[in-house]
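Report on one structure; see the data block that follows.
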Amino acid sequence: MYLAKLTSNGFKEALQQIDTIVLPVGSIEAHGPHCPISTDILIPERMAAELEGVLGDRLLIAPTIPYGYSPDLAYFPGTVHVSGETLAAYICDVASSWLKWGIKHVVLLNGHGGNIPALTLATDKLVSKGARVMTVSWWLHFSSTILEICESQGHAGEDETSLVLAIDASLVEMEKATAYEKRSKGYFKVPDMVTYTFPEAMNGDARKATFAKGEAMYYDFALHLRDLIEELWQDKIVS
């Protein structure tokens with residue numbers, strides 16, 4: 001059930017049977033020469049739509065928070081960067097508004113790696129207010145599934161490009177897709193880091209992306225998300 005499509009009274013009525021809200025969090029940033037700058041918004045929104053298809057009468061889907069923390073890729077035109085402190089406070093304020101109306105479970109669908117520290121901080125604050133929070137960053141938490149479908153993962157690489165193709169192929173300029181397979185060692189952070197890790201605002205091999213791979217990933221993501229939310233509802237917090 002989409003929150004933005006409800007009236008105020010409709011929202012109040014929905015809360016009689018729903019205590020869970022899904023909040024996609026994305027970013028506007030460069031994604032290679034071939035993918036749209038809204039990639040990190042489009043993917044979690046599609047994931048939310050898949051959830052609406054399987055659990056739509058049991059949860060609310062909120063409008064996406066579109067801007068994220070992206071200092072490195074701010075080097076490229078079109079990227080919007082907000083501070084981590086601002087992002088964390090904004091997410092917390094938004095979700096806190098729902099808590100006062102009776103929402104108990106907050107599901108954060110993250111589309112952008114740079115958002116993770118801010119989401120962690122926001123989550124801790126929401127938990128201190130009594131919320132039960134689940135955060136999913138698809139490329140991390142579903143990596144094993146992705147690598148059963150794709151040969152590799154990367155920013156605007158095979159997996160991410162495939163996911164955009166499955167949403168709207170007209171948004172991807174596949175003739176401009178490239179490959180850059182060097183990765184940060186993880187130990188270092190230096191000025192102009194982007195020239196080492198994302199010289200064309202991407203890494204991985206986008207040339208291997210296909211619509212079919214994207215569809216297959218969304219299908220598996222929906223199953224995983226459904227199971228995770230069911231576990232949250234059933235209080236299966238530890239294994």
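Residues are referred to by chain and number: the chain letter is A, B, ... according to the order shown in the structure tokens, the number counts from 1 in that chain, and ligands are numbered separately from 1 in the order shown.
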
What residues in stretch 2-219 of chain A get the DSSP label helix (DSSP H, G or I)? Please answer as a tab-separated table (two decimals) with C-alpha atoms, in the first residue's frame.
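This is the output file part-v5.tsv:
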chain	number	residue	atom	x	y	z
A	3	LEU	CA	1.48	5.93	1.64
A	4	ALA	CA	1.45	8.88	-0.76
A	5	LYS	CA	-1.77	7.68	-2.40
A	8	SER	CA	-5.14	11.47	5.94
A	9	ASN	CA	-8.19	9.46	7.00
A	10	GLY	CA	-7.08	6.61	4.78
A	11	PHE	CA	-3.71	6.58	6.54
A	12	LYS	CA	-5.45	6.49	9.92
A	13	GLU	CA	-7.61	3.56	8.79
A	14	ALA	CA	-4.62	1.68	7.37
A	39	THR	CA	20.02	4.64	-10.54
A	40	ASP	CA	20.23	4.48	-6.75
A	41	ILE	CA	16.64	5.69	-6.51
A	42	LEU	CA	15.18	3.50	-9.24
A	43	ILE	CA	16.48	0.22	-7.82
A	44	PRO	CA	15.15	0.45	-4.23
A	45	GLU	CA	11.87	1.82	-5.60
A	46	ARG	CA	11.53	-1.24	-7.83
A	47	MET	CA	12.34	-3.44	-4.84
A	48	ALA	CA	9.61	-1.67	-2.88
A	49	ALA	CA	7.20	-2.26	-5.75
A	50	GLU	CA	8.02	-5.98	-5.68
A	51	LEU	CA	7.29	-5.96	-1.94
A	52	GLU	CA	4.00	-4.20	-2.56
A	53	GLY	CA	3.11	-7.07	-4.85
A	54	VAL	CA	3.65	-9.74	-2.18
A	55	LEU	CA	2.93	-7.92	1.10
A	73	LEU	CA	31.41	11.01	-6.96
A	74	ALA	CA	30.60	14.68	-6.44
A	75	TYR	CA	33.52	15.07	-8.85
A	84	GLY	CA	26.15	12.26	6.57
A	85	GLU	CA	24.94	14.18	9.61
A	86	THR	CA	22.20	15.86	7.61
A	87	LEU	CA	21.10	12.60	6.00
A	88	ALA	CA	21.00	10.71	9.31
A	89	ALA	CA	19.00	13.46	11.00
A	90	TYR	CA	16.57	13.67	8.08
A	91	ILE	CA	15.92	9.93	7.96
A	92	CYS	CA	15.42	9.86	11.73
A	93	ASP	CA	13.02	12.82	11.69
A	94	VAL	CA	10.97	11.35	8.85
A	95	ALA	CA	10.65	7.92	10.45
A	96	SER	CA	10.02	9.38	13.91
A	97	SER	CA	6.94	11.11	12.55
A	98	TRP	CA	5.46	7.72	11.69
A	99	LEU	CA	6.29	6.25	15.08
A	113	GLY	CA	26.76	2.56	-0.46
A	114	GLY	CA	27.70	5.98	0.84
A	115	ASN	CA	24.49	6.10	2.87
A	116	ILE	CA	25.40	3.21	5.14
A	117	PRO	CA	27.05	5.17	8.01
A	118	ALA	CA	24.16	7.66	8.09
A	119	LEU	CA	21.62	4.83	8.06
A	120	THR	CA	23.43	3.17	10.94
A	121	LEU	CA	23.27	6.35	13.00
A	122	ALA	CA	19.62	6.94	12.11
A	123	THR	CA	18.77	3.34	12.97
A	124	ASP	CA	20.33	3.59	16.40
A	125	LYS	CA	18.35	6.76	17.13
A	126	LEU	CA	15.10	5.20	15.92
A	127	VAL	CA	15.66	2.10	18.04
A	128	SER	CA	16.17	4.34	21.07
A	138	TRP	CA	20.91	-4.99	-1.74
A	139	TRP	CA	24.45	-5.40	-3.14
A	140	LEU	CA	25.76	-6.41	0.29
A	141	HIS	CA	22.98	-8.50	1.76
A	143	SER	CA	25.58	-10.64	-2.85
A	144	SER	CA	25.54	-14.44	-3.01
A	145	THR	CA	22.30	-14.36	-4.99
A	146	ILE	CA	23.64	-11.68	-7.33
A	147	LEU	CA	26.76	-13.70	-8.07
A	148	GLU	CA	24.65	-16.69	-9.05
A	149	ILE	CA	23.21	-14.52	-11.82
A	158	GLU	CA	27.03	-5.76	-14.63
A	159	ASP	CA	24.60	-6.17	-11.74
A	160	GLU	CA	23.50	-2.58	-11.28
A	161	THR	CA	23.18	-1.93	-15.00
A	162	SER	CA	21.10	-5.09	-15.39
A	163	LEU	CA	18.77	-3.87	-12.64
A	164	VAL	CA	18.20	-0.58	-14.44
A	165	LEU	CA	17.65	-2.36	-17.77
A	169	ALA	CA	15.99	-0.10	-20.96
A	170	SER	CA	15.55	3.32	-22.57
A	171	LEU	CA	17.33	4.85	-19.57
A	174	MET	CA	24.42	0.40	-23.55
A	175	GLU	CA	26.55	1.52	-26.50
A	176	LYS	CA	28.50	3.59	-23.94
A	194	VAL	CA	37.62	8.74	-7.36
A	195	THR	CA	40.38	8.75	-9.99
A	196	TYR	CA	41.63	5.45	-8.54
A	197	THR	CA	38.34	3.68	-7.95
A	206	ALA	CA	28.66	-3.07	-17.59
A	207	ARG	CA	28.94	-4.61	-21.05
A	208	LYS	CA	27.71	-7.94	-19.64
A	211	PHE	CA	17.40	-7.24	-18.95
A	212	ALA	CA	17.00	-10.93	-18.06
A	213	LYS	CA	19.67	-10.76	-15.36
A	214	GLY	CA	17.95	-7.76	-13.82
A	215	GLU	CA	14.56	-9.45	-13.77
A	216	ALA	CA	16.03	-12.56	-12.19
A	217	MET	CA	17.65	-10.51	-9.44
A	218	TYR	CA	14.45	-8.62	-8.64
A	219	TYR	CA	12.55	-11.89	-8.38

**Prompt:** In Å to one decimal, how far is atom CA of A:Leu108 from atom CA of A:Arg132?
**Reply:**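 Between these atoms lies a distance of 11.0 Å.
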
**Asked** Of the candidates A:Cys35, A:Ile61, A:Leu109, A:Ile103, which shows the shortest atom-to-atom distance to A:Gln16, using only C-alpha atoms?
**Response** A:Ile103

**Message:** I need the strand (DSSP E) residues of stretch 109-195 of chain A per DSSP on the backbone, written as a VMD selection string.
**Reply:** chain A and resid 109 to 110 132 to 137 179 to 180
